[in-house]
Amino acid sequence: MTADATRQTLADHIEHEAIALNVEATTSEAIIRLLADRLARLGHVRPSFAEAVLAREAQMPTGLPMERDANVAVPHTDPEHVIRPGIAIATLARPVDFANMESPDEHLPVGIVFMLALNDKDRQIEMLQQIMETIQDDDLVDALLAARTNDQMLALLGRGGSKAGE
Amino acid sequence: MSLQKTVLFACGTGIATSTLVSHAVVEAMKERGIKIDARQCKTTEVRSMLTGVDLVISTTQLPTDLGVPAITTLAFLTGRGKPETLDKIEATLRA
């Protein structure tokens, strides 16, 4: 596949205010509430979104086992709580436990959280693919975890995953 | 001649991770000579969507007594174990 210079990157879907770096949280609930609040204030989601994500996380968790010390979680919920699509992202000062999506009894230490506000499966496929490309690139995840400013984070996400080309 | 199979893709919301998995599997199976009719639903709706389905692929836990082959995998999200999972999907569809 050849890289397309005009290809949108994750940075195009993430506002400055939707980034929280080096967050001191000790529970998945705290980090979910923080990111849901950011998305609500930016007008991406309804006030019901946070509770809906927490309920969904308890039933069907979103931790992804990346075989790293700091794994990834992608909390999200049903489209009726979403106004317009978007992403909020947090890095954690210390890993916080999320349950494993495919094996909910298993807990994973998570260091980076992508909260997804999705309302149309066909339109948001590219955004989802970019998130997965990003988290599959171990060097990029290391760099995201080390980012200390929102601009650094957006610059890294603008570069895209390893498959996005130069 | 290419084989045609119906696969039901499931995840918690029926729109997020199952969309990614569906795209990845349909594309990969096309290269392996299997045309997939892809359907999609929430994990909680799987039981009512099984008519005509050859295989269920989910990112979350499924009931064990569905009566059709089922695979739960995160390989298309994490990138870990993707070739092996595709082999398993192909073998199941050709069985």
# chains A, B, ... in the order shown; residues from 1 in each chain; ligands from 1
$ closest_atom_pairs --of "stretch 4-82 of chain B" --to "stretch 59-64 of chain A" --cutoff "9 Å" --atoms "only C-alpha atoms" --output "tab-separated table"
residue	atom	partner	partner_atom	distance
B:Cys11	CA	A:Met60	CA	8.9
B:Gly12	CA	A:Met60	CA	6.2
B:Thr60	CA	A:Met60	CA	7.1
B:Gln61	CA	A:Met60	CA	8.5
B:Leu74	CA	A:Leu64	CA	7.5
B:Leu77	CA	A:Leu64	CA	7.8
B:Thr78	CA	A:Leu64	CA	6.8
$ residues_around --residues "B:Ser22" --least-positions-apart "3" --cutoff "7 Å" --atoms "only C-alpha atoms" --output "JSON, numbers by chain"
{"B": [9, 18, 19, 25, 26, 38]}
$ interface_residues --of "chain A" --to "chain B" --cutoff "8 Å" --atoms "only C-alpha atoms" --output "PyMOL selection string"
chain A and resi 56+60+64-66+77-78+101-103+118-122+125+128-129+132+135-136
$ residues_around --residues "A:Val23" --least-positions-apart "3" --cutoff "12 Å" --atoms "only C-alpha atoms" --output "ChimeraX atom specification"
/A:19-20,26-28,30-32,34-35,89-96,111-113,145,148
$ write_last_selection --atoms "C-alpha atoms" --output "mmCIF file, in the first residue's frame"
data_model
loop_
_atom_site.group_PDB
_atom_site.id
_atom_site.type_symbol
_atom_site.label_atom_id
_atom_site.label_comp_id
_atom_site.auth_asym_id
_atom_site.auth_seq_id
_atom_site.Cartn_x
_atom_site.Cartn_y
_atom_site.Cartn_z
ATOM 1 C CA ILE A 19 -5.928 14.972 25.582
ATOM 2 C CA ALA A 20 -4.946 14.251 29.197
ATOM 3 C CA THR A 26 -6.030 4.662 40.362
ATOM 4 C CA THR A 27 -9.235 3.230 38.864
ATOM 5 C CA SER A 28 -10.594 2.701 35.372
ATOM 6 C CA ALA A 30 -11.809 7.679 37.323
ATOM 7 C CA ILE A 31 -10.106 7.781 33.939
ATOM 8 C CA ILE A 32 -13.351 6.981 32.089
ATOM 9 C CA LEU A 34 -12.343 12.256 33.144
ATOM 10 C CA LEU A 35 -12.283 11.505 29.410
ATOM 11 C CA ILE A 89 -6.893 10.107 24.816
ATOM 12 C CA ALA A 90 -5.152 9.742 28.159
ATOM 13 C CA THR A 91 -1.788 8.486 29.269
ATOM 14 C CA LEU A 92 -1.535 7.304 32.850
ATOM 15 C CA ALA A 93 1.213 8.181 35.310
ATOM 16 C CA ARG A 94 0.999 4.591 36.546
ATOM 17 C CA PRO A 95 -0.872 1.721 34.860
ATOM 18 C CA VAL A 96 -4.500 1.228 35.932
ATOM 19 C CA GLY A 111 -1.079 2.836 30.344
ATOM 20 C CA ILE A 112 -2.923 4.493 27.494
ATOM 21 C CA VAL A 113 -6.666 4.967 26.986
ATOM 22 C CA LEU A 145 3.570 7.371 26.794
ATOM 23 C CA ARG A 148 4.728 15.631 27.970
#
$ residues_around --residues "A:Glu29" --least-positions-apart "6" --cutoff "12 Å" --atoms "only C-alpha atoms" --output "VMD selection string"
chain A and resid 35 to 36 50 to 58 61 75 96 to 99 113
$ write_last_selection --atoms "N, CA and C atoms" --output "compact mmCIF listing (two decimals), in the first residue's frame"
# COMPACT_ATOMS: atom_id res chain seq x y z
N LEU A 35 -12.26 11.38 30.87
CA LEU A 35 -12.28 11.51 29.41
C LEU A 35 -13.71 11.75 28.89
N ALA A 36 -14.70 11.13 29.52
CA ALA A 36 -16.09 11.34 29.11
C ALA A 36 -16.48 12.80 29.33
N ALA A 50 -21.05 9.06 30.02
CA ALA A 50 -20.13 8.51 31.03
C ALA A 50 -20.71 7.27 31.70
N GLU A 51 -21.97 7.38 32.16
CA GLU A 51 -22.60 6.23 32.85
C GLU A 51 -22.74 5.05 31.89
N ALA A 52 -23.06 5.35 30.63
CA ALA A 52 -23.24 4.28 29.64
C ALA A 52 -21.90 3.56 29.38
N VAL A 53 -20.82 4.32 29.32
CA VAL A 53 -19.50 3.70 29.11
C VAL A 53 -19.13 2.84 30.32
N LEU A 54 -19.39 3.37 31.53
CA LEU A 54 -19.05 2.61 32.75
C LEU A 54 -19.86 1.31 32.81
N ALA A 55 -21.14 1.39 32.45
CA ALA A 55 -21.99 0.19 32.48
C ALA A 55 -21.49 -0.84 31.47
N ARG A 56 -21.15 -0.35 30.30
CA ARG A 56 -20.67 -1.24 29.25
C ARG A 56 -19.32 -1.86 29.66
N GLU A 57 -18.46 -1.05 30.28
CA GLU A 57 -17.14 -1.54 30.68
C GLU A 57 -17.27 -2.66 31.72
N ALA A 58 -18.29 -2.54 32.58
CA ALA A 58 -18.51 -3.56 33.61
C ALA A 58 -19.01 -4.86 32.99
N PRO A 61 -15.80 -5.46 28.93
CA PRO A 61 -14.67 -4.55 29.08
C PRO A 61 -13.90 -4.34 27.77
N PRO A 75 -12.39 2.30 25.79
CA PRO A 75 -13.78 2.38 26.27
C PRO A 75 -14.69 3.13 25.30
N VAL A 96 -3.24 1.47 35.21
CA VAL A 96 -4.50 1.23 35.93
C VAL A 96 -5.14 -0.04 35.34
N ASP A 97 -5.74 -0.86 36.18
CA ASP A 97 -6.34 -2.10 35.70
C ASP A 97 -7.64 -1.90 34.92
N PHE A 98 -7.70 -2.50 33.74
CA PHE A 98 -8.93 -2.67 32.99
C PHE A 98 -9.09 -4.18 32.80
N ALA A 99 -10.33 -4.64 32.61
CA ALA A 99 -10.52 -6.07 32.33
C ALA A 99 -10.29 -6.31 30.84
N VAL A 113 -5.23 5.18 27.19
CA VAL A 113 -6.67 4.97 26.99
C VAL A 113 -7.15 5.82 25.81
$ select_by_dssp --residues "stretch 19-166 of chain A" --states "strand (DSSP E)" --output "VMD selection string"
chain A and resid 19 to 23 63 to 64 71 to 73 86 to 100 103 to 117
$ residues_around --residues "B:Ile34" --least-positions-apart "6" --cutoff "9 Å" --atoms "only C-alpha atoms" --output "PyMOL selection string"
chain B and resi 2-5+26+28+90+93-94
$ select_by_dssp --residues "chain B" --states "alpha helix (DSSP H)" --output "PyMOL selection string"
chain B and resi 17-31+75-78+82-94
$ write_last_selection --atoms "N, CA and C atoms" --output "short mmCIF file (atom, residue, chain, number, x, y, z; two decimals), in the first residue's frame"
data_model
loop_
_atom_site.label_atom_id
_atom_site.label_comp_id
_atom_site.auth_asym_id
_atom_site.auth_seq_id
_atom_site.Cartn_x
_atom_site.Cartn_y
_atom_site.Cartn_z
N THR B 17 -15.56 -2.52 17.32
CA THR B 17 -14.50 -3.48 16.99
C THR B 17 -14.95 -4.51 15.95
N SER B 18 -16.25 -4.86 15.93
CA SER B 18 -16.70 -5.84 14.93
C SER B 18 -16.57 -5.28 13.51
N THR B 19 -16.66 -3.97 13.35
CA THR B 19 -16.47 -3.36 12.03
C THR B 19 -15.05 -3.57 11.55
N LEU B 20 -14.10 -3.33 12.45
CA LEU B 20 -12.69 -3.53 12.10
C LEU B 20 -12.40 -4.97 11.74
N VAL B 21 -12.90 -5.89 12.56
CA VAL B 21 -12.64 -7.30 12.34
C VAL B 21 -13.29 -7.74 11.03
N SER B 22 -14.50 -7.29 10.77
CA SER B 22 -15.21 -7.63 9.55
C SER B 22 -14.41 -7.21 8.31
N HIS B 23 -13.96 -5.96 8.30
CA HIS B 23 -13.17 -5.49 7.15
C HIS B 23 -11.92 -6.34 6.96
N ALA B 24 -11.21 -6.61 8.04
CA ALA B 24 -9.94 -7.35 7.96
C ALA B 24 -10.17 -8.78 7.47
N VAL B 25 -11.21 -9.43 7.98
CA VAL B 25 -11.44 -10.84 7.64
C VAL B 25 -11.98 -10.97 6.21
N VAL B 26 -12.91 -10.10 5.82
CA VAL B 26 -13.47 -10.16 4.46
C VAL B 26 -12.35 -10.00 3.44
N GLU B 27 -11.48 -9.03 3.68
CA GLU B 27 -10.36 -8.76 2.76
C GLU B 27 -9.40 -9.96 2.69
N ALA B 28 -9.02 -10.46 3.86
CA ALA B 28 -8.04 -11.56 3.92
C ALA B 28 -8.61 -12.83 3.30
N MET B 29 -9.90 -13.10 3.51
CA MET B 29 -10.49 -14.33 2.97
C MET B 29 -10.69 -14.21 1.45
N LYS B 30 -10.92 -13.00 0.97
CA LYS B 30 -11.03 -12.79 -0.47
C LYS B 30 -9.72 -13.24 -1.14
N GLU B 31 -8.59 -12.88 -0.53
CA GLU B 31 -7.28 -13.29 -1.06
C GLU B 31 -7.10 -14.80 -1.00
N ALA B 75 -7.04 -10.64 17.65
CA ALA B 75 -5.86 -10.54 16.77
C ALA B 75 -5.94 -9.37 15.80
N PHE B 76 -7.15 -9.02 15.36
CA PHE B 76 -7.28 -7.95 14.37
C PHE B 76 -7.25 -6.57 15.02
N LEU B 77 -7.28 -6.53 16.35
CA LEU B 77 -7.15 -5.26 17.08
C LEU B 77 -5.73 -5.09 17.58
N THR B 78 -5.16 -6.17 18.11
CA THR B 78 -3.82 -6.07 18.71
C THR B 78 -2.71 -6.38 17.71
N LYS B 82 -2.18 -12.71 14.24
CA LYS B 82 -3.10 -12.54 13.11
C LYS B 82 -3.01 -13.68 12.08
N PRO B 83 -1.80 -14.06 11.60
CA PRO B 83 -1.74 -15.13 10.59
C PRO B 83 -2.37 -16.44 11.07
N GLU B 84 -2.09 -16.80 12.33
CA GLU B 84 -2.63 -18.05 12.88
C GLU B 84 -4.16 -17.98 12.95
N THR B 85 -4.68 -16.82 13.33
CA THR B 85 -6.13 -16.67 13.43
C THR B 85 -6.78 -16.76 12.05
N LEU B 86 -6.15 -16.16 11.05
CA LEU B 86 -6.69 -16.24 9.69
C LEU B 86 -6.68 -17.69 9.20
N ASP B 87 -5.62 -18.43 9.53
CA ASP B 87 -5.56 -19.85 9.15
C ASP B 87 -6.72 -20.62 9.78
N LYS B 88 -6.97 -20.32 11.06
CA LYS B 88 -8.04 -21.01 11.78
C LYS B 88 -9.41 -20.67 11.17
N ILE B 89 -9.60 -19.40 10.81
CA ILE B 89 -10.87 -18.99 10.20
C ILE B 89 -11.04 -19.69 8.85
N GLU B 90 -9.97 -19.71 8.04
CA GLU B 90 -10.06 -20.36 6.73
C GLU B 90 -10.38 -21.85 6.90
N ALA B 91 -9.67 -22.51 7.82
CA ALA B 91 -9.88 -23.94 8.03
C ALA B 91 -11.33 -24.21 8.45
N THR B 92 -11.86 -23.36 9.33
CA THR B 92 -13.24 -23.54 9.79
C THR B 92 -14.23 -23.36 8.65
N LEU B 93 -13.99 -22.36 7.79
CA LEU B 93 -14.91 -22.10 6.68
C LEU B 93 -14.83 -23.18 5.62
N ARG B 94 -13.67 -23.83 5.48
CA ARG B 94 -13.52 -24.88 4.48
C ARG B 94 -13.92 -26.25 5.02
#
$ closest_residue --among "A:Ala146, A:Leu108, A:Ala73, A:Ala88" --to "A:Ala11" --atoms "only C-alpha atoms"
A:Ala88
$ residues_around --residues "B:Leu8" --least-positions-apart "2" --cutoff "10 Å" --atoms "only C-alpha atoms" --output "MDAnalysis selection string"
chainID B and resid 6 10 18 22 36:41 46 49:58 70
$ closest_residue --among "A:Glu133, A:Leu140, A:His81, A:Pro109" --to "A:Met153" --atoms "only C-alpha atoms"
A:Leu140
